[in-house]
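The next block holds one structure in the form of C-alpha coordinates; read it before the comments.
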There are 2 protein chains.
Amino acid sequence: MRIGELARQSGCDAETIRYYEREGLLDAPQREDNGYRRYGDAHLVQLNFVRHCRSLGMSLSDVRRLRDFARDPSAACDGINSLLDRQIEQIHAQRLALEALESQLRALRHTCEEGHRASECGILQNLQQAAGGGPCECHRTEAGHPH
Amino acid sequence: MRIGELARQSGCDAETIRYYEREGLLDAPQREDNGYRRYGDAHLVQLNFVRHCRSLGMSLSDVRRLRDFARDPSAACDGINSLLDRQIEQIHAQRLALEALESQLRALRHTCEEGHRASECGILQNLQQAAGGGPCECHRTEAGHPH
DNA sequence: TGAAAACCCTGTAATCGCTACAAGGTGGGG
DNA sequence: CCCCACCTTGTAGCGATTACAGGGTTTTCA
(Lines give C-alpha, C1' and ligand atoms only; values in the text may rest on other atoms or scores of the structure.)
Protein backbone atom coordinates (compact mmCIF):
# COMPACT_ATOMS: atom_id res chain seq x y z
CA MET A 1 0.00 0.00 0.00
CA ARG A 2 1.05 3.61 -0.43
CA ILE A 3 1.38 6.18 2.34
CA GLY A 4 -2.17 7.53 1.97
CA GLU A 5 -3.66 4.07 2.38
CA LEU A 6 -1.45 3.40 5.43
CA ALA A 7 -2.56 6.73 6.84
CA ARG A 8 -6.21 5.75 6.41
CA GLN A 9 -5.76 2.29 7.93
CA SER A 10 -3.79 3.54 10.93
CA GLY A 11 -5.65 6.77 11.52
CA CYS A 12 -2.30 8.54 11.47
CA ASP A 13 -1.50 11.52 9.28
CA ALA A 14 0.79 10.82 6.30
CA GLU A 15 3.17 13.59 7.34
CA THR A 16 3.43 12.01 10.79
CA ILE A 17 4.28 8.66 9.19
CA ARG A 18 7.14 10.27 7.25
CA TYR A 19 8.22 11.96 10.48
CA TYR A 20 8.33 8.60 12.31
CA GLU A 21 10.44 7.16 9.51
CA ARG A 22 12.93 10.03 9.79
CA GLU A 23 13.02 9.49 13.58
CA GLY A 24 13.75 5.79 13.17
CA LEU A 25 10.48 4.56 14.66
CA LEU A 26 9.28 2.98 11.43
CA ASP A 27 11.38 0.87 9.03
CA ALA A 28 12.08 2.64 5.75
CA PRO A 29 9.77 1.05 3.18
CA GLN A 30 10.64 -0.06 -0.34
CA ARG A 31 10.16 2.48 -3.11
CA GLU A 32 8.29 2.22 -6.37
CA ASP A 33 10.05 3.29 -9.56
CA ASN A 34 8.60 6.77 -9.19
CA GLY A 35 9.96 7.09 -5.65
CA TYR A 36 6.63 6.50 -3.86
CA ARG A 37 6.83 4.57 -0.56
CA ARG A 38 5.43 1.02 -0.68
CA TYR A 39 4.31 -0.45 2.67
CA GLY A 40 3.37 -3.97 3.79
CA ASP A 41 1.24 -5.20 6.67
CA ALA A 42 4.30 -5.35 8.93
CA HIS A 43 4.58 -1.58 8.63
CA LEU A 44 0.97 -1.20 9.73
CA VAL A 45 1.70 -3.28 12.84
CA GLN A 46 4.83 -1.22 13.56
CA LEU A 47 2.88 1.98 13.19
CA ASN A 48 0.05 0.74 15.42
CA PHE A 49 2.67 -0.17 18.02
CA VAL A 50 3.97 3.38 18.02
CA ARG A 51 0.47 4.90 18.15
CA HIS A 52 -0.57 2.61 20.97
CA CYS A 53 2.47 3.51 23.05
CA ARG A 54 1.86 7.18 22.33
CA SER A 55 -1.75 6.77 23.49
CA LEU A 56 -0.25 5.57 26.80
CA GLY A 57 1.61 8.87 27.07
CA MET A 58 5.05 7.52 26.23
CA SER A 59 7.67 9.69 24.59
CA LEU A 60 9.06 8.74 21.20
CA SER A 61 12.40 7.84 22.77
CA ASP A 62 10.58 5.46 25.13
CA VAL A 63 8.86 3.90 22.12
CA ARG A 64 12.25 3.52 20.45
CA ARG A 65 13.58 1.70 23.51
CA LEU A 66 10.56 -0.63 23.61
CA ARG A 67 11.07 -1.37 19.93
CA ASP A 68 14.68 -2.32 20.66
CA PHE A 69 13.51 -4.70 23.37
CA ALA A 70 10.97 -6.23 21.01
CA ARG A 71 13.71 -6.92 18.48
CA ASP A 72 15.91 -8.75 20.98
CA PRO A 73 13.63 -11.43 22.48
CA SER A 74 16.40 -12.96 24.61
CA ALA A 75 17.23 -9.74 26.46
CA ALA A 76 16.10 -9.41 30.06
CA CYS A 77 12.80 -7.58 30.33
CA ASP A 78 13.71 -5.69 33.51
CA GLY A 79 14.36 -2.64 31.37
CA ILE A 80 10.81 -2.78 30.07
CA ASN A 81 9.44 -3.04 33.58
CA SER A 82 11.43 -0.12 34.88
CA LEU A 83 10.53 1.95 31.82
CA LEU A 84 6.87 1.37 32.67
CA ASP A 85 7.46 2.07 36.35
CA ARG A 86 9.01 5.40 35.49
CA GLN A 87 6.15 6.20 33.13
CA ILE A 88 3.57 5.37 35.82
CA GLU A 89 5.45 7.47 38.35
CA GLN A 90 5.55 10.41 35.95
CA ILE A 91 1.86 10.23 35.06
CA HIS A 92 0.99 9.82 38.72
CA ALA A 93 2.91 12.96 39.68
CA GLN A 94 1.31 14.89 36.83
CA ARG A 95 -2.12 13.75 37.95
CA LEU A 96 -1.52 14.91 41.53
CA ALA A 97 -0.30 18.27 40.24
CA LEU A 98 -3.41 18.67 38.10
CA GLU A 99 -5.69 17.77 41.01
CA ALA A 100 -4.08 20.49 43.11
CA LEU A 101 -4.31 22.92 40.20
CA GLU A 102 -7.98 22.24 39.65
CA SER A 103 -8.93 22.90 43.27
CA GLN A 104 -6.79 26.06 43.30
CA LEU A 105 -8.55 27.33 40.21
CA ARG A 106 -11.99 26.51 41.62
CA ALA A 107 -11.18 28.35 44.85
CA LEU A 108 -10.07 31.36 42.83
CA ARG A 109 -13.16 31.17 40.64
CA HIS A 110 -15.45 31.30 43.70
CA THR A 111 -14.14 34.73 44.62
CA CYS A 112 -16.11 36.38 41.82
CA GLU A 113 -19.62 36.34 40.36
CA GLU A 114 -20.65 37.67 36.95
CA GLY A 115 -21.36 41.28 36.12
CA HIS A 116 -18.76 43.16 38.14
CA ARG A 117 -16.34 45.67 36.81
CA ALA A 118 -12.73 44.50 36.68
CA SER A 119 -11.76 46.67 39.62
CA GLU A 120 -14.21 44.79 41.84
CA CYS A 121 -13.35 41.35 40.51
CA GLY A 122 -12.26 39.03 43.29
CA ILE A 123 -10.24 36.94 40.88
CA LEU A 124 -8.15 39.84 39.72
CA GLN A 125 -7.80 41.13 43.29
CA ASN A 126 -6.50 37.76 44.39
CA LEU A 127 -4.00 37.54 41.57
CA GLN A 128 -2.73 41.06 42.17
CA GLN A 129 -2.50 40.52 45.92
CA ALA A 130 -0.50 37.36 45.37
CA ALA A 131 1.84 39.21 43.00
CA GLY A 132 2.47 41.77 45.74
CA GLY A 133 3.43 39.01 48.17
CA GLY A 134 0.07 38.80 49.94
CA PRO A 135 -2.23 35.82 50.51
CA CYS A 136 -4.59 34.43 47.86
CA GLU A 137 -7.50 32.04 47.85
CA CYS A 138 -5.87 29.71 45.36
CA HIS A 139 -2.65 29.21 47.32
CA ARG A 140 -3.90 29.51 50.88
CA THR A 141 -2.73 26.90 53.39
CA GLU A 142 -5.12 24.22 54.63
CA ALA A 143 -5.21 25.63 58.18
CA GLY A 144 -7.63 28.48 58.69
CA HIS A 145 -9.76 27.89 55.61
CA PRO A 146 -13.08 29.63 56.39
CA HIS A 147 -15.34 27.09 54.63
CA MET B 1 17.89 46.45 40.70
CA ARG B 2 19.56 44.66 37.80
CA ILE B 3 18.25 41.54 36.10
CA GLY B 4 20.20 39.12 38.27
CA GLU B 5 18.74 40.60 41.43
CA LEU B 6 15.22 40.49 39.96
CA ALA B 7 15.84 36.87 39.03
CA ARG B 8 16.86 36.06 42.59
CA GLN B 9 13.91 37.87 44.15
CA SER B 10 11.36 36.32 41.81
CA GLY B 11 12.87 32.86 41.52
CA CYS B 12 12.68 33.25 37.75
CA ASP B 13 15.62 32.72 35.42
CA ALA B 14 17.13 35.90 33.93
CA GLU B 15 16.76 34.53 30.39
CA THR B 16 13.08 33.92 31.05
CA ILE B 17 12.70 37.51 32.25
CA ARG B 18 14.20 38.83 28.99
CA TYR B 19 11.88 36.45 27.12
CA TYR B 20 8.83 37.84 28.94
CA GLU B 21 9.92 41.35 28.02
CA ARG B 22 10.19 40.40 24.33
CA GLU B 23 6.74 38.79 24.58
CA GLY B 24 5.20 41.95 26.04
CA LEU B 25 4.40 40.44 29.45
CA LEU B 26 6.78 42.68 31.33
CA ASP B 27 7.25 46.43 30.79
CA ALA B 28 10.58 47.26 29.21
CA PRO B 29 12.77 48.66 32.00
CA GLN B 30 15.01 51.71 31.90
CA ARG B 31 18.59 51.18 30.88
CA GLU B 32 21.80 52.21 32.58
CA ASP B 33 24.47 53.97 30.52
CA ASN B 34 26.12 50.64 29.81
CA GLY B 35 22.86 49.20 28.49
CA TYR B 36 22.06 47.09 31.57
CA ARG B 37 18.37 46.80 32.48
CA ARG B 38 17.31 48.64 35.63
CA TYR B 39 14.16 47.39 37.36
CA GLY B 40 11.94 48.78 40.12
CA ASP B 41 9.59 47.10 42.58
CA ALA B 42 6.70 47.45 40.12
CA HIS B 43 8.53 45.11 37.79
CA LEU B 44 8.86 42.53 40.55
CA VAL B 45 5.10 42.69 41.11
CA GLN B 46 4.45 42.34 37.38
CA LEU B 47 6.77 39.37 37.18
CA ASN B 48 5.20 37.70 40.23
CA PHE B 49 1.81 38.16 38.58
CA VAL B 50 3.01 36.32 35.50
CA ARG B 51 4.66 33.55 37.51
CA HIS B 52 1.58 33.12 39.69
CA CYS B 53 -0.70 32.79 36.68
CA ARG B 54 1.76 30.35 35.10
CA SER B 55 1.73 28.30 38.32
CA LEU B 56 -2.03 28.02 37.79
CA GLY B 57 -1.36 26.47 34.41
CA MET B 58 -2.35 29.49 32.31
CA SER B 59 -0.81 30.13 28.91
CA LEU B 60 1.17 33.29 28.30
CA SER B 61 -1.59 34.64 26.07
CA ASP B 62 -4.08 34.13 28.91
CA VAL B 63 -1.73 36.03 31.20
CA ARG B 64 -1.57 38.83 28.62
CA ARG B 65 -5.35 39.01 28.56
CA LEU B 66 -5.54 39.16 32.36
CA ARG B 67 -2.94 41.92 32.33
CA ASP B 68 -5.11 43.87 29.91
CA PHE B 69 -8.10 43.48 32.23
CA ALA B 70 -6.00 44.62 35.19
CA ARG B 71 -5.05 47.78 33.29
CA ASP B 72 -8.66 48.70 32.52
CA PRO B 73 -10.41 48.64 35.92
CA SER B 74 -13.75 49.83 34.52
CA ALA B 75 -14.10 46.98 32.02
CA ALA B 76 -16.63 44.25 32.76
CA CYS B 77 -15.00 41.30 34.47
CA ASP B 78 -17.09 38.67 32.69
CA GLY B 79 -14.14 38.01 30.42
CA ILE B 80 -12.00 37.18 33.43
CA ASN B 81 -14.63 34.77 34.73
CA SER B 82 -15.01 32.96 31.43
CA LEU B 83 -11.24 32.79 31.00
CA LEU B 84 -11.07 31.02 34.35
CA ASP B 85 -14.01 28.79 33.50
CA ARG B 86 -12.27 27.67 30.32
CA GLN B 87 -9.04 27.10 32.22
CA ILE B 88 -10.84 24.98 34.84
CA GLU B 89 -12.57 22.98 32.13
CA GLN B 90 -9.27 22.34 30.37
CA ILE B 91 -7.43 21.25 33.52
CA HIS B 92 -10.38 19.08 34.48
CA ALA B 93 -10.34 17.28 31.13
CA GLN B 94 -6.58 16.79 31.37
CA ARG B 95 -6.94 15.35 34.85
CA LEU B 96 -9.56 12.83 33.71
CA ALA B 97 -7.34 11.79 30.81
CA LEU B 98 -4.40 11.28 33.16
CA GLU B 99 -6.51 9.22 35.56
CA ALA B 100 -7.49 6.89 32.72
CA LEU B 101 -3.88 6.75 31.55
CA GLU B 102 -2.58 5.85 34.98
CA SER B 103 -4.96 2.94 35.42
CA GLN B 104 -4.21 1.69 31.90
CA LEU B 105 -0.50 1.77 32.63
CA ARG B 106 -0.96 -0.02 35.96
CA ALA B 107 -3.03 -2.76 34.30
CA LEU B 108 -0.30 -3.19 31.73
CA ARG B 109 2.40 -3.23 34.39
CA HIS B 110 0.67 -6.07 36.25
CA THR B 111 1.08 -8.38 33.27
CA CYS B 112 4.80 -8.84 34.01
CA GLU B 113 7.07 -9.54 36.96
CA GLU B 114 10.83 -9.03 37.06
CA GLY B 115 13.44 -11.38 35.66
CA HIS B 116 11.82 -12.64 32.47
CA ARG B 117 13.32 -12.57 29.06
CA ALA B 118 11.77 -10.03 26.69
CA SER B 119 10.04 -12.77 24.68
CA GLU B 120 8.09 -13.82 27.80
CA CYS B 121 7.32 -10.28 28.96
CA GLY B 122 3.59 -9.76 29.33
CA ILE B 123 3.98 -6.04 28.79
CA LEU B 124 5.64 -6.44 25.43
CA GLN B 125 3.18 -9.18 24.46
CA ASN B 126 0.28 -6.90 25.24
CA LEU B 127 1.73 -4.03 23.26
CA GLN B 128 2.46 -6.22 20.26
CA GLN B 129 -0.93 -7.88 20.40
CA ALA B 130 -2.60 -4.49 20.45
CA ALA B 131 -0.52 -3.38 17.46
CA GLY B 132 -1.77 -6.42 15.55
CA GLY B 133 -5.36 -5.46 16.25
CA GLY B 134 -5.85 -7.81 19.20
CA PRO B 135 -7.02 -7.09 22.76
CA CYS B 136 -4.75 -5.73 25.48
CA GLU B 137 -4.93 -5.36 29.24
CA CYS B 138 -4.49 -1.62 29.14
CA HIS B 139 -7.38 -0.94 26.77
CA ARG B 140 -9.77 -3.73 27.70
CA THR B 141 -13.43 -2.81 28.19
CA GLU B 142 -14.92 -2.73 31.67
CA ALA B 143 -17.17 -5.75 31.04
CA GLY B 144 -15.48 -9.08 31.52
CA HIS B 145 -12.54 -7.88 33.56
CA PRO B 146 -11.30 -11.01 35.40
CA HIS B 147 -10.21 -9.26 38.62
C1' DT C 1 47.50 47.38 39.38
C1' DG C 2 46.15 43.54 37.23
C1' DA C 3 43.77 39.35 36.64
C1' DA C 4 39.98 36.55 37.31
C1' DA C 5 35.32 35.83 38.38
C1' DA C 6 30.81 37.26 37.98
C1' DC C 7 27.70 39.71 35.69
C1' DC C 8 25.39 41.78 31.54
C1' DC C 9 24.20 42.28 26.38
C1' DT C 10 22.20 40.49 21.64
C1' DG C 11 21.09 36.98 18.61
C1' DT C 12 20.42 32.38 17.33
C1' DA C 13 19.41 27.47 17.83
C1' DA C 14 17.72 23.59 20.48
C1' DT C 15 13.91 21.07 22.91
C1' DC C 16 9.18 17.82 21.77
C1' DG C 17 5.81 15.91 18.64
C1' DC C 18 3.98 17.02 15.37
C1' DT C 19 1.62 20.27 11.60
C1' DA C 20 1.75 23.23 7.67
C1' DC C 21 3.39 24.95 4.06
C1' DA C 22 6.14 25.61 -0.73
C1' DA C 23 7.43 23.93 -4.95
C1' DG C 24 7.54 20.40 -7.63
C1' DG C 25 6.69 15.37 -9.84
C1' DT C 26 3.20 11.51 -10.98
C1' DG C 27 -1.21 9.04 -12.16
C1' DG C 28 -5.68 8.41 -13.83
C1' DG C 29 -10.31 10.13 -15.53
C1' DG C 30 -13.17 13.11 -18.50
C1' DC D 1 -4.96 18.30 -22.68
C1' DC D 2 -6.51 19.61 -18.34
C1' DC D 3 -7.63 18.83 -13.76
C1' DC D 4 -7.51 16.72 -9.48
C1' DA D 5 -5.70 13.76 -6.20
C1' DC D 6 -1.79 11.88 -4.76
C1' DC D 7 3.20 11.65 -3.89
C1' DT D 8 8.11 13.72 -3.12
C1' DT D 9 11.68 16.71 -0.41
C1' DG D 10 12.83 20.47 2.37
C1' DT D 11 11.84 24.05 5.48
C1' DA D 12 9.44 26.68 9.08
C1' DG D 13 6.05 27.06 12.69
C1' DC D 14 3.84 26.08 17.40
C1' DG D 15 4.75 27.22 23.20
C1' DA D 16 7.55 28.23 26.84
C1' DT D 17 11.44 28.13 27.80
C1' DT D 18 16.66 26.79 27.83
C1' DA D 19 21.23 26.94 26.08
C1' DC D 20 24.56 28.46 23.84
C1' DA D 21 28.14 31.82 21.15
C1' DG D 22 30.60 35.77 21.23
C1' DG D 23 31.13 39.71 22.97
C1' DG D 24 31.29 43.88 26.77
C1' DT D 25 31.30 45.49 31.93
C1' DT D 26 31.73 45.38 36.80
C1' DT D 27 33.31 43.60 41.00
C1' DT D 28 36.44 41.32 43.82
C1' DC D 29 40.54 39.84 45.60
C1' DA D 30 45.57 39.31 45.77
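The chains in the C-alpha coordinates are called A, B, ... from first to last as shown; in each chain the residues are counted from 1, and the ligands are counted from 1 in the order shown.
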Next item on the list: At a cut-off of 9 Å, list the chain B residues touching chain C, using only C-alpha atoms (C1' of nucleotides), as a list of chain:residue names.
Entry: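 Contact residues on the first chain: B:Ile3, B:Gly4, B:Gly35, B:Tyr36, B:Arg37.
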Residues of chain B at most 6 Å from chain A: nearest atom pair and distance in Å, only C-alpha atoms, as a Markdown table:
```
| residue | atom | partner | partner_atom | distance |
| --- | --- | --- | --- | --- |
| B:Val45 | CA | A:Ala131 | CA | 5.1 |
| B:Asn48 | CA | A:Ala131 | CA | 4.6 |
| B:Phe49 | CA | A:Ala131 | CA | 4.5 |
| B:Pro73 | CA | A:Ser119 | CA | 4.4 |
| B:Ser74 | CA | A:Arg117 | CA | 5.4 |
| B:Ala75 | CA | A:Arg117 | CA | 5.4 |
| B:Ala76 | CA | A:Arg117 | CA | 4.3 |
| B:Cys77 | CA | A:Ala118 | CA | 4.5 |
| B:Asp78 | CA | A:Glu114 | CA | 5.6 |
| B:Arg95 | CA | A:Leu98 | CA | 5.8 |
| B:Leu98 | CA | A:Arg95 | CA | 5.8 |
| B:Glu114 | CA | A:Asp78 | CA | 5.7 |
| B:His116 | CA | A:Cys77 | CA | 5.6 |
| B:Arg117 | CA | A:Ala76 | CA | 4.3 |
| B:Ala118 | CA | A:Cys77 | CA | 4.5 |
| B:Ser119 | CA | A:Pro73 | CA | 4.4 |
| B:Ala131 | CA | A:Phe49 | CA | 4.6 |
| B:Gly132 | CA | A:Val45 | CA | 5.4 |
```
Margin query: Please return, as a PyMOL selection string, all residues of chain B that DSSP assigns to strand (DSSP E or B) on the basis of the backbone.
Written below: chain B and resi 30-31+37-38+76+117
Margin query: I'd like the neighbourhood of stretch 16-18 of chain D as a list in words, where a residue qualifies if any of its atoms comes within 9 Å (using only C-alpha atoms (C1' of nucleotides)), though same-chain residues fewer than 6 positions away should be ignored.
Written below: Glu15, Thr16, Tyr19, Ser59 and Leu60 of chain B; DA14 and DT15 of chain C
Next item on the list: as a ChimeraX atom specification, list the residues of stretch 76-125 of chain A assigned to alpha helix (DSSP H) by DSSP on the backbone atoms of this structure.
Entry: /A:78-109,122-125
Next item on the list: Just need the residues of chain D within 10 Å of chain A, counting only C-alpha atoms (C1' of nucleotides), so spit them out as number ranges by chain.
Entry: D: 6-8
Notebook entry, point to check: Mind pulling up the distance from atom CA of A:Arg38 to atom CA of A:Arg65?
Noted result: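 One can read the atom CA of A:Arg65 to atom CA of A:Arg38 distance as 25.5 Å.
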